[in-house]
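K.L.:
My file is query_24.cif. It has mmCIF, C-alpha atoms:
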data_protein
#
loop_
_atom_site.label_atom_id
_atom_site.label_comp_id
_atom_site.auth_asym_id
_atom_site.auth_seq_id
_atom_site.Cartn_x
_atom_site.Cartn_y
_atom_site.Cartn_z
CA MET A 1 -43.79 -49.58 184.57
CA ALA A 2 -45.56 -52.89 184.20
CA GLY A 3 -48.92 -54.49 183.54
CA LEU A 4 -51.36 -56.71 185.40
CA TYR A 5 -53.53 -59.27 183.60
CA LEU A 6 -56.41 -61.06 185.32
CA HIS A 7 -57.97 -64.09 183.65
CA ILE A 8 -61.66 -64.52 184.48
CA PRO A 9 -62.40 -68.03 183.13
CA PHE A 10 -66.20 -68.03 182.91
CA CYS A 11 -68.66 -67.68 180.02
CA LYS A 12 -72.41 -68.01 179.63
CA GLN A 13 -71.92 -70.34 176.69
CA ALA A 14 -69.08 -71.67 174.55
CA CYS A 15 -68.41 -69.86 171.29
CA HIS A 16 -67.81 -72.43 168.56
CA TYR A 17 -64.38 -71.01 167.62
CA CYS A 18 -62.91 -70.40 171.08
CA ASP A 19 -60.06 -72.48 172.49
CA PHE A 20 -59.26 -70.22 175.47
CA HIS A 21 -59.54 -71.63 178.97
CA PHE A 22 -63.03 -71.05 180.38
CA SER A 23 -65.96 -72.79 182.06
CA THR A 24 -69.69 -72.34 181.47
CA SER A 25 -70.37 -73.46 185.04
CA LEU A 26 -70.39 -70.39 187.28
CA GLY A 27 -70.64 -72.23 190.60
CA LEU A 28 -66.97 -71.66 191.43
CA LYS A 29 -66.91 -67.96 190.47
CA SER A 30 -66.93 -66.42 193.96
CA ARG A 31 -64.27 -68.84 195.21
CA LEU A 32 -62.11 -68.14 192.19
CA VAL A 33 -62.33 -64.41 192.87
CA GLU A 34 -61.15 -65.13 196.43
CA ALA A 35 -58.26 -67.12 194.97
CA ILE A 36 -57.25 -64.28 192.63
CA VAL A 37 -57.30 -61.89 195.59
CA ARG A 38 -55.08 -64.30 197.52
CA GLU A 39 -52.78 -64.74 194.51
CA LEU A 40 -52.37 -60.96 194.37
CA GLU A 41 -50.95 -61.15 197.88
CA LEU A 42 -48.77 -64.18 197.20
CA ARG A 43 -47.22 -62.68 194.06
CA ARG A 44 -47.07 -59.00 194.98
CA ASP A 45 -43.26 -58.99 194.65
CA TYR A 46 -43.12 -60.66 191.23
CA LEU A 47 -42.68 -57.36 189.40
CA GLY A 48 -40.50 -55.77 192.06
CA ALA A 49 -41.57 -54.07 195.26
CA THR A 50 -41.56 -50.54 193.83
CA THR A 51 -43.16 -51.27 190.46
CA GLU A 52 -46.06 -49.05 189.43
CA LEU A 53 -48.82 -50.57 187.33
CA GLU A 54 -49.34 -48.71 184.06
CA THR A 55 -52.05 -51.05 182.76
CA ILE A 56 -54.59 -53.47 184.23
CA TYR A 57 -56.47 -55.83 181.94
CA PHE A 58 -59.40 -58.11 182.80
CA GLY A 59 -59.53 -60.83 180.13
CA GLY A 60 -61.20 -64.17 179.76
CA GLY A 61 -63.53 -65.78 179.48
CA THR A 62 -66.05 -63.04 180.08
CA PRO A 63 -64.99 -60.61 182.83
CA SER A 64 -68.28 -58.70 182.47
CA LEU A 65 -69.85 -61.64 184.32
CA LEU A 66 -68.21 -60.40 187.53
CA SER A 67 -70.66 -58.84 189.97
CA ALA A 68 -70.01 -55.39 191.42
CA PRO A 69 -68.91 -56.82 194.81
CA GLU A 70 -66.55 -59.29 193.09
CA LEU A 71 -65.02 -56.58 190.93
CA ASN A 72 -64.60 -54.23 193.90
CA GLN A 73 -63.06 -57.05 195.92
CA ILE A 74 -60.38 -57.48 193.23
CA PHE A 75 -59.73 -53.74 192.84
CA THR A 76 -59.36 -53.32 196.60
CA ALA A 77 -56.73 -56.07 196.63
CA ILE A 78 -54.90 -54.60 193.64
CA ARG A 79 -54.59 -51.21 195.32
CA ARG A 80 -53.59 -52.82 198.60
CA HIS A 81 -50.62 -54.63 197.07
CA PHE A 82 -49.60 -52.46 194.10
CA ALA A 83 -49.04 -48.83 193.27
CA VAL A 84 -51.34 -47.93 190.37
CA ALA A 85 -50.30 -45.08 188.09
CA PRO A 86 -52.72 -42.12 188.23
CA GLN A 87 -53.45 -42.39 184.51
CA ALA A 88 -53.40 -46.20 184.35
CA GLU A 89 -55.28 -47.83 181.49
CA ILE A 90 -57.79 -50.24 183.06
CA THR A 91 -59.48 -52.46 180.47
CA LEU A 92 -62.29 -54.97 180.91
CA GLU A 93 -63.46 -57.35 178.19
CA ALA A 94 -67.24 -57.46 177.94
CA ASN A 95 -69.97 -59.12 175.95
CA PRO A 96 -72.71 -56.84 174.59
CA ASP A 97 -75.51 -58.70 176.39
CA ASP A 98 -73.93 -57.92 179.78
CA LEU A 99 -73.69 -54.16 179.26
CA SER A 100 -76.89 -52.87 180.82
CA ALA A 101 -76.94 -49.28 182.08
CA ALA A 102 -76.59 -50.60 185.64
CA LYS A 103 -73.59 -52.77 184.73
CA LEU A 104 -71.85 -49.87 183.00
CA HIS A 105 -72.35 -47.72 186.09
CA GLU A 106 -70.82 -50.47 188.24
CA LEU A 107 -67.79 -50.79 185.94
CA ALA A 108 -67.13 -47.06 185.90
CA ALA A 109 -67.54 -46.81 189.68
CA ALA A 110 -65.03 -49.65 190.17
CA GLY A 111 -62.39 -47.84 188.10
CA VAL A 112 -62.65 -49.43 184.66
CA ASN A 113 -61.84 -46.74 182.06
CA ARG A 114 -61.56 -48.81 178.87
CA LEU A 115 -63.94 -51.41 177.45
CA SER A 116 -63.10 -54.14 174.94
CA ILE A 117 -66.47 -55.30 173.61
CA GLY A 118 -66.69 -58.62 171.76
CA LEU A 119 -69.11 -57.82 168.96
CA GLN A 120 -67.60 -60.19 166.34
CA SER A 121 -70.35 -59.38 163.80
CA PHE A 122 -73.48 -57.33 163.16
CA TYR A 123 -74.97 -60.14 161.06
CA GLU A 124 -77.39 -62.32 163.01
CA PRO A 125 -76.80 -65.62 161.10
CA HIS A 126 -73.05 -65.34 161.71
CA LEU A 127 -73.57 -64.71 165.42
CA ARG A 128 -75.77 -67.81 165.60
CA LEU A 129 -73.20 -69.82 163.60
CA MET A 130 -70.49 -68.82 166.11
CA ASN A 131 -72.85 -69.46 169.07
CA ARG A 132 -72.49 -65.94 170.43
CA ALA A 133 -74.71 -65.07 173.41
CA HIS A 134 -75.80 -61.67 172.05
CA THR A 135 -77.90 -60.57 169.10
CA ALA A 136 -76.95 -58.34 166.19
CA GLY A 137 -79.09 -55.56 167.61
CA GLU A 138 -77.23 -55.73 170.92
CA SER A 139 -73.92 -55.25 169.07
CA THR A 140 -74.80 -51.64 168.28
CA THR A 141 -76.91 -50.96 171.36
CA ALA A 142 -74.16 -52.00 173.78
CA VAL A 143 -71.58 -49.64 172.28
CA ARG A 144 -74.02 -46.71 172.14
CA ARG A 145 -75.08 -47.37 175.72
CA ALA A 146 -71.44 -47.45 176.86
CA GLN A 147 -70.74 -44.17 175.09
CA ASP A 148 -73.79 -42.59 176.71
CA ALA A 149 -72.50 -43.81 180.10
CA GLY A 150 -69.26 -41.88 179.58
CA PHE A 151 -67.00 -44.62 178.20
CA GLU A 152 -65.08 -42.99 175.38
CA ASN A 153 -62.10 -45.38 175.31
CA ILE A 154 -63.76 -48.37 173.64
CA SER A 155 -62.39 -51.18 171.51
CA ILE A 156 -64.56 -53.59 169.54
CA ASP A 157 -63.69 -57.07 168.26
CA LEU A 158 -64.65 -58.26 164.79
CA ILE A 159 -64.14 -61.62 163.08
CA TYR A 160 -63.62 -61.96 159.33
CA GLY A 161 -63.21 -65.00 157.12
CA VAL A 162 -66.55 -66.48 158.21
CA PRO A 163 -67.81 -68.74 155.38
CA ALA A 164 -70.22 -66.79 153.17
CA PRO A 165 -71.22 -66.67 149.49
CA GLY A 166 -69.51 -63.31 149.03
CA HIS A 167 -68.00 -60.32 150.79
CA HIS A 168 -71.09 -58.14 151.26
CA ILE A 169 -71.59 -59.27 154.90
CA TRP A 170 -68.02 -58.28 155.79
CA GLU A 171 -68.45 -54.95 154.01
CA ALA A 172 -71.59 -54.30 156.06
CA ASP A 173 -69.83 -55.31 159.30
CA LEU A 174 -67.06 -52.80 158.60
CA ALA A 175 -69.55 -50.06 157.74
CA ASN A 176 -71.45 -50.69 160.98
CA ALA A 177 -68.22 -50.61 162.96
CA PHE A 178 -67.12 -47.28 161.51
CA ALA A 179 -70.56 -45.80 162.20
CA LEU A 180 -69.95 -46.36 165.92
CA GLY A 181 -66.90 -44.09 165.89
CA VAL A 182 -64.92 -46.10 168.45
CA PRO A 183 -61.18 -45.31 168.69
CA HIS A 184 -59.96 -48.92 168.50
CA VAL A 185 -60.86 -52.04 166.50
CA SER A 186 -59.38 -55.54 166.80
CA ALA A 187 -60.11 -57.77 163.81
CA TYR A 188 -59.21 -61.45 163.70
CA ALA A 189 -59.49 -64.11 161.02
CA LEU A 190 -61.73 -67.01 161.99
CA THR A 191 -59.42 -69.90 162.82
CA ILE A 192 -60.58 -73.47 163.32
CA GLU A 193 -58.83 -74.85 166.40
CA PRO A 194 -58.76 -78.54 167.43
CA GLY A 195 -61.05 -79.27 170.34
CA THR A 196 -63.53 -76.49 169.53
CA ALA A 197 -67.04 -77.06 168.21
CA PHE A 198 -65.91 -75.89 164.76
CA GLY A 199 -62.90 -78.19 164.98
CA HIS A 200 -65.09 -81.21 165.73
CA ARG A 201 -67.53 -80.28 162.97
CA LEU A 202 -64.68 -79.84 160.50
CA GLN A 203 -63.46 -83.36 161.31
CA LYS A 204 -66.98 -84.74 160.79
CA GLY A 205 -67.38 -82.90 157.52
CA THR A 206 -70.35 -80.83 158.75
CA PHE A 207 -68.46 -77.52 158.63
CA LYS A 208 -66.26 -76.12 155.89
CA ALA A 209 -63.82 -73.29 156.52
CA ALA A 210 -63.58 -70.42 154.08
CA PRO A 211 -60.81 -70.80 151.44
CA ASP A 212 -57.52 -69.02 152.12
CA GLU A 213 -58.09 -66.73 149.15
CA PHE A 214 -61.46 -65.65 150.58
CA VAL A 215 -59.89 -64.84 153.96
CA ALA A 216 -56.98 -62.99 152.31
CA THR A 217 -59.39 -60.84 150.29
CA GLN A 218 -61.29 -59.89 153.45
CA PHE A 219 -58.01 -58.98 155.17
CA GLU A 220 -57.14 -56.71 152.24
CA MET A 221 -60.62 -55.17 152.43
CA LEU A 222 -60.04 -54.57 156.13
CA LEU A 223 -56.74 -52.76 155.55
CA ALA A 224 -58.17 -50.56 152.82
CA ALA A 225 -61.27 -49.65 154.83
CA MET A 226 -59.29 -48.86 157.97
CA ARG A 227 -56.95 -46.53 156.08
CA ALA A 228 -59.87 -44.83 154.36
CA HIS A 229 -61.43 -44.08 157.76
CA GLY A 230 -58.24 -42.79 159.36
CA TYR A 231 -57.31 -45.82 161.46
CA GLU A 232 -53.68 -46.89 161.82
CA GLN A 233 -52.70 -50.55 161.77
CA TYR A 234 -50.22 -50.62 164.62
CA GLU A 235 -50.27 -54.44 164.88
CA ILE A 236 -51.50 -57.02 162.39
CA SER A 237 -54.89 -57.48 164.07
CA ASN A 238 -55.21 -54.08 165.77
CA PHE A 239 -56.27 -50.71 164.42
CA CYS A 240 -56.73 -47.37 166.12
CA GLN A 241 -57.34 -43.72 165.57
CA PRO A 242 -54.06 -41.79 165.88
CA GLY A 243 -52.60 -42.12 169.37
CA ARG A 244 -55.27 -44.56 170.62
CA GLU A 245 -53.49 -47.91 170.65
CA SER A 246 -54.04 -50.35 173.52
CA ARG A 247 -51.27 -49.55 175.99
CA HIS A 248 -51.59 -52.96 177.65
CA ASN A 249 -51.30 -55.02 174.47
CA GLY A 250 -48.65 -52.68 173.15
CA ASN A 251 -46.56 -53.47 176.19
CA TYR A 252 -46.77 -57.18 175.37
CA TRP A 253 -45.25 -56.51 171.96
CA ARG A 254 -42.57 -54.29 173.47
CA GLY A 255 -41.52 -56.93 176.01
CA VAL A 256 -42.64 -54.99 179.10
CA PRO A 257 -42.94 -57.22 182.22
CA TYR A 258 -46.42 -58.18 183.41
CA LEU A 259 -48.03 -60.36 186.05
CA GLY A 260 -50.83 -62.71 185.03
CA LEU A 261 -53.32 -63.87 187.66
CA GLY A 262 -55.87 -66.66 187.51
CA PRO A 263 -55.93 -70.11 185.88
CA SER A 264 -54.12 -70.31 182.50
CA ALA A 265 -52.63 -66.81 182.88
CA HIS A 266 -49.07 -66.11 181.71
CA SER A 267 -46.51 -63.87 183.41
CA TYR A 268 -43.23 -62.35 182.21
CA ASP A 269 -40.57 -60.75 184.42
CA GLY A 270 -38.33 -59.52 181.62
CA GLN A 271 -36.23 -62.69 181.55
CA ASN A 272 -38.48 -65.73 181.95
CA ARG A 273 -42.14 -66.71 181.67
CA GLN A 274 -44.54 -68.49 183.99
CA PHE A 275 -47.74 -70.34 183.10
CA THR A 276 -50.50 -70.90 185.65
CA LEU A 277 -52.37 -74.21 185.71
CA ALA A 278 -55.44 -74.12 183.43
CA ASN A 279 -57.81 -75.90 185.81
CA ASN A 280 -60.26 -73.90 187.91
CA PRO A 281 -60.87 -76.31 190.84
CA GLN A 282 -57.19 -77.25 191.15
CA TYR A 283 -56.12 -73.59 190.95
CA VAL A 284 -58.59 -72.59 193.69
CA ALA A 285 -57.54 -75.49 195.93
CA ALA A 286 -53.83 -74.75 195.53
CA VAL A 287 -54.16 -71.04 196.25
CA LEU A 288 -56.80 -71.05 199.00
CA GLU A 289 -56.03 -74.33 200.75
CA ARG A 290 -52.25 -74.59 200.40
CA GLY A 291 -51.26 -70.98 199.84
CA GLU A 292 -49.32 -71.74 196.69
CA VAL A 293 -49.75 -70.73 193.06
CA PRO A 294 -49.57 -73.69 190.62
CA VAL A 295 -47.22 -72.20 188.03
CA THR A 296 -44.74 -73.71 185.59
CA LEU A 297 -41.53 -71.78 184.99
CA ASP A 298 -40.35 -71.42 181.39
CA VAL A 299 -36.69 -70.39 181.45
CA LEU A 300 -36.01 -68.50 178.24
CA THR A 301 -32.69 -69.11 176.52
CA ALA A 302 -30.95 -66.42 174.48
CA THR A 303 -32.39 -68.09 171.38
CA ASP A 304 -35.90 -67.99 172.85
CA ARG A 305 -35.60 -64.28 173.60
CA ALA A 306 -34.30 -63.50 170.12
CA ASN A 307 -37.12 -65.47 168.49
CA GLU A 308 -39.74 -63.86 170.73
CA TYR A 309 -38.44 -60.44 169.76
CA LEU A 310 -38.76 -61.38 166.09
CA LEU A 311 -42.24 -62.80 166.59
CA THR A 312 -43.66 -59.81 168.45
CA THR A 313 -41.98 -56.94 166.60
CA LEU A 314 -42.69 -58.23 163.09
CA ARG A 315 -46.41 -58.03 163.91
CA THR A 316 -46.14 -54.30 164.60
CA ALA A 317 -45.91 -51.18 162.47
CA ARG A 318 -42.66 -50.28 164.25
CA GLY A 319 -41.04 -53.44 162.88
CA CYS A 320 -38.03 -55.41 164.04
CA ASP A 321 -34.90 -53.46 164.99
CA LEU A 322 -32.19 -55.64 163.46
CA ALA A 323 -29.40 -53.71 165.18
CA TYR A 324 -30.99 -54.33 168.61
CA LEU A 325 -31.48 -57.99 167.75
CA ARG A 326 -27.81 -58.25 166.78
CA THR A 327 -26.13 -56.19 169.53
CA ARG A 328 -28.42 -56.89 172.49
CA LEU A 329 -29.78 -60.37 171.74
CA GLY A 330 -26.87 -61.84 169.79
CA PHE A 331 -28.75 -62.78 166.62
CA ASP A 332 -27.55 -61.31 163.30
CA VAL A 333 -30.55 -61.93 161.05
CA GLN A 334 -28.97 -60.19 158.08
CA ALA A 335 -25.97 -62.49 158.19
CA ALA A 336 -27.98 -65.65 158.89
CA HIS A 337 -30.76 -65.05 156.33
CA ALA A 338 -29.33 -62.68 153.74
CA ALA A 339 -30.76 -64.58 150.77
CA TYR A 340 -34.23 -64.90 152.31
CA LEU A 341 -34.34 -61.23 153.28
CA ALA A 342 -33.42 -60.33 149.71
CA GLU A 343 -36.24 -62.59 148.46
CA LEU A 344 -38.75 -60.96 150.82
CA GLN A 345 -37.84 -57.51 149.54
CA ALA A 346 -37.78 -58.56 145.88
CA ASN A 347 -41.28 -60.06 146.24
CA GLY A 348 -42.59 -56.94 147.94
CA TRP A 349 -43.28 -58.74 151.24
CA ALA A 350 -40.90 -56.78 153.44
CA ARG A 351 -38.67 -53.72 153.52
CA ILE A 352 -35.54 -52.82 155.45
CA GLN A 353 -34.90 -49.17 156.24
CA HIS A 354 -32.29 -47.94 158.71
CA GLU A 355 -31.86 -51.56 159.88
CA VAL A 356 -35.55 -51.93 160.73
CA LEU A 357 -37.39 -54.83 159.10
CA THR A 358 -41.11 -54.31 158.51
CA LEU A 359 -43.69 -56.34 156.61
CA THR A 360 -45.70 -54.85 153.76
CA ASP A 361 -49.44 -55.44 153.42
CA ALA A 362 -48.68 -58.46 151.22
CA GLY A 363 -46.15 -59.70 153.76
CA LYS A 364 -48.62 -59.43 156.63
CA LEU A 365 -50.68 -62.15 154.96
CA LEU A 366 -47.62 -64.41 155.34
CA ALA A 367 -46.46 -63.12 158.73
CA ASP A 368 -46.43 -66.46 160.55
CA HIS A 369 -44.57 -68.22 157.73
CA ILE A 370 -42.02 -65.42 157.36
CA THR A 371 -41.35 -65.34 161.08
CA LEU A 372 -40.77 -69.09 161.23
CA GLU A 373 -38.33 -68.86 158.32
CA LEU A 374 -36.36 -66.17 160.17
CA PHE A 375 -36.30 -67.93 163.54
CA GLN A 376 -32.91 -68.75 165.00
CA THR A 377 -32.62 -72.52 165.46
CA ALA A 378 -29.11 -72.88 166.89
CA ASP A 379 -28.25 -71.87 170.45
CA LEU A 380 -27.07 -68.29 170.87
CA THR A 381 -24.59 -66.97 173.39
CA ASP A 382 -26.52 -65.36 176.23
CA PHE A 383 -25.28 -61.78 176.60
CA SER A 384 -28.15 -60.65 178.82
CA ARG A 385 -27.21 -62.31 182.09
#
Go ahead and express the file in the form of structure tokens.
P.N.:
Amino acid sequence: MAGLYLHIPFCKQACHYCDFHFSTSLGLKSRLVEAIVRELELRRDYLGATTELETIYFGGGTPSLLSAPELNQIFTAIRRHFAVAPQAEITLEANPDDLSAAKLHELAAAGVNRLSIGLQSFYEPHLRLMNRAHTAGESTTAVRRAQDAGFENISIDLIYGVPAPGHHIWEADLANAFALGVPHVSAYALTIEPGTAFGHRLQKGTFKAAPDEFVATQFEMLLAAMRAHGYEQYEISNFCQPGRESRHNGNYWRGVPYLGLGPSAHSYDGQNRQFTLANNPQYVAAVLERGEVPVTLDVLTATDRANEYLLTTLRTARGCDLAYLRTRLGFDVQAAHAAYLAELQANGWARIQHEVLTLTDAGKLLADHITLELFQTADLTDFSR
């Protein structure tokens, strides 16, 4: 099976930390929906003619800005061109301020069965600092309203590492999250990206990021609180009640093929990747006026595939299967990095059991650095073709 990702690149306002592709001008929204519908037709064979969709994910941007007719237009096209599994997971990212009772009814009627709600915080000053469009009160109200509307499969997003005099705000955010009883939580450290409002303010000296030690402490608090409340950390930033992981995101980490639609979307056919142009007007013109999708092909070498496998699997609780990496992808990590692997284990950052490399809680704080150290830099023989 495979997945379908649809990028809806519109937002009411720009969050100060966000470097995703989006526009706050909604004038092109209806035309862009037409272009996505057309792209569905143009790329219906990308995953193979008989492929059944196991997951569908509306990301952004803010997909909850889609009107009921726009959403139904997209779903009609999906079902026209693809077989959708009867129990497919169909996720839509939403902002709390969009989730009125009427909107929730529209989403359920269209076929959405999982919501990913961007709460980020329950603390009003932090929401204002991040320039979120919703209020702290709406954070709780939106989730309760969705549950009352019959949405049981709900994920919420939280952000930690926001500059503060102490950790009491983060403690309260976690307590409020657990009180909602949702089956899935995604928690991300605040990162300051170039080109964002925070990035510009950091350069000017009008914003100061939280120290690394502060962020690390909040990550450790997160892990302890999640365990105490029965949530499993199945990926560094993702936690769920037993058996409730995101099937769509899980497929990314397992290397399952997916088709990405819309400007800036990525696609993966099991061998190579494609990247769609991140420009709304140019994307719409190419698809609707010329009948072509403006994509760039990224041909993955054997080394690329080995490194991607390392990158994705080390983020997960399942870990990296070193035997698979060696026999199927041609990269013997244990031979190439024996001394470093021994150092990781001696420092308590990683463990190897039955040829599976996993990171400890302490190692997860260093995940990006560890992965880079383990990357294969020389060209590998390609055994997959």
K.L.:
I would like the residues chosen by the PyMOL selection byres ((chain A and resi 256-261) around 9) on the shown file; could you give them as a VMD selection string?
P.N.:
chain A and resid 1 to 8 36 39 to 40 43 46 to 47 53 250 to 255 262 to 271 274 to 276
K.L.:
Excluding Val185 of chain A and residues on its chain fewer than 5 positions from it, collect all residues at most 6 Å away from it, counting all atoms listed in the file, and give them as a list in words.
P.N.:
Ser155, Ile156 and Phe239 of chain A
K.L.:
Between atom CA of Ala142 of chain A and atom CA of Ala179 of chain A, what is the distance, to one decimal in Å?
P.N.:
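These atoms are spaced 13.6 Å apart.
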K.L.:
What separation in Å, quoted to one decimal, exists between atom CA of His229 of chain A and atom CA of Ala362 of chain A?
P.N.:
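Interatomic distance here is 20.3 Å.
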K.L.:
Determine the residue set returned by the PyMOL selection byres ((chain A and resi 23) around 10) for the present structure, and present it as a PDB file with C-alpha atoms, keeping the file's coordinate frame.
P.N.:
ATOM      1  CA  ILE A   8     -61.660 -64.520 184.480  1.00  0.00           C
ATOM      2  CA  PRO A   9     -62.400 -68.030 183.130  1.00  0.00           C
ATOM      3  CA  PHE A  10     -66.200 -68.030 182.910  1.00  0.00           C
ATOM      4  CA  CYS A  11     -68.660 -67.680 180.020  1.00  0.00           C
ATOM      5  CA  LYS A  12     -72.410 -68.010 179.630  1.00  0.00           C
ATOM      6  CA  GLN A  13     -71.920 -70.340 176.690  1.00  0.00           C
ATOM      7  CA  ALA A  14     -69.080 -71.670 174.550  1.00  0.00           C
ATOM      8  CA  PHE A  20     -59.260 -70.220 175.470  1.00  0.00           C
ATOM      9  CA  HIS A  21     -59.540 -71.630 178.970  1.00  0.00           C
ATOM     10  CA  PHE A  22     -63.030 -71.050 180.380  1.00  0.00           C
ATOM     11  CA  THR A  24     -69.690 -72.340 181.470  1.00  0.00           C
ATOM     12  CA  SER A  25     -70.370 -73.460 185.040  1.00  0.00           C
ATOM     13  CA  LEU A  26     -70.390 -70.390 187.280  1.00  0.00           C
ATOM     14  CA  GLY A  27     -70.640 -72.230 190.600  1.00  0.00           C
ATOM     15  CA  LEU A  28     -66.970 -71.660 191.430  1.00  0.00           C
ATOM     16  CA  LYS A  29     -66.910 -67.960 190.470  1.00  0.00           C
ATOM     17  CA  GLY A  61     -63.530 -65.780 179.480  1.00  0.00           C
ATOM     18  CA  THR A  62     -66.050 -63.040 180.080  1.00  0.00           C
ATOM     19  CA  ASN A 279     -57.810 -75.900 185.810  1.00  0.00           C
ATOM     20  CA  ASN A 280     -60.260 -73.900 187.910  1.00  0.00           C
TER      21      ASN A 280
END
K.L.:
What's around segment 221-223 of chain A at 10 Å? Count all atoms listed in the file, leave out sequence neighbours fewer than 3 positions away in its own chain, and write the answer as a PyMOL selection string.
P.N.:
chain A and resi 160+167+170-171+174+187+215-218+226-228+231-233+236-237+239+361
K.L.:
So that all listed atoms of segment 238-247 of chain A fit with 3 Å spare on each side, what axis-aligned box centre and edge lengths in Å, to one decimal, would you give as lines of an AutoDock Vina configuration file?
P.N.:
center_x = -54.3
center_y = -47.9
center_z = 170.2
size_x = 12.1
size_y = 18.3
size_z = 17.6
K.L.:
Tell me which protein, DNA and RNA residues are within 10 Å of Gly111 of chain A, counting all atoms listed in the file, leaving out same-chain ones fewer than 5 positions away, and put them as a list in words.
P.N.:
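Once the adjacent positions are removed, what remains is Leu71, Asn72, Phe75, Ala88, Glu89, Ile90, Thr91 and Glu106 of chain A.
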K.L.:
Now that the selection is made, can you save its residues with C-alpha atoms as a compact mmCIF listing (two decimals), in the frame of the given file?
P.N.:
# COMPACT_ATOMS: atom_id res chain seq x y z
CA LEU A 71 -65.02 -56.58 190.93
CA ASN A 72 -64.60 -54.23 193.90
CA PHE A 75 -59.73 -53.74 192.84
CA ALA A 88 -53.40 -46.20 184.35
CA GLU A 89 -55.28 -47.83 181.49
CA ILE A 90 -57.79 -50.24 183.06
CA THR A 91 -59.48 -52.46 180.47
CA GLU A 106 -70.82 -50.47 188.24
K.L.:
Here's the selection I'm unsure about, the PyMOL selection byres ((chain A and resi 199) around 12); applied to the file above, which residues does it give, as a list in words?
P.N.:
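When the PyMOL selection byres ((chain A and resi 199) around 12) is applied to the shown file, the picked residues are Cys15, His16, Tyr17, Cys18, Asp19, Leu190, Thr191, Ile192, Glu193, Pro194, Gly195, Thr196, Ala197, Phe198, His200, Arg201, Leu202, Gln203, Lys204, Gly205, Thr206, Phe207, Lys208 and Ala209 of chain A.
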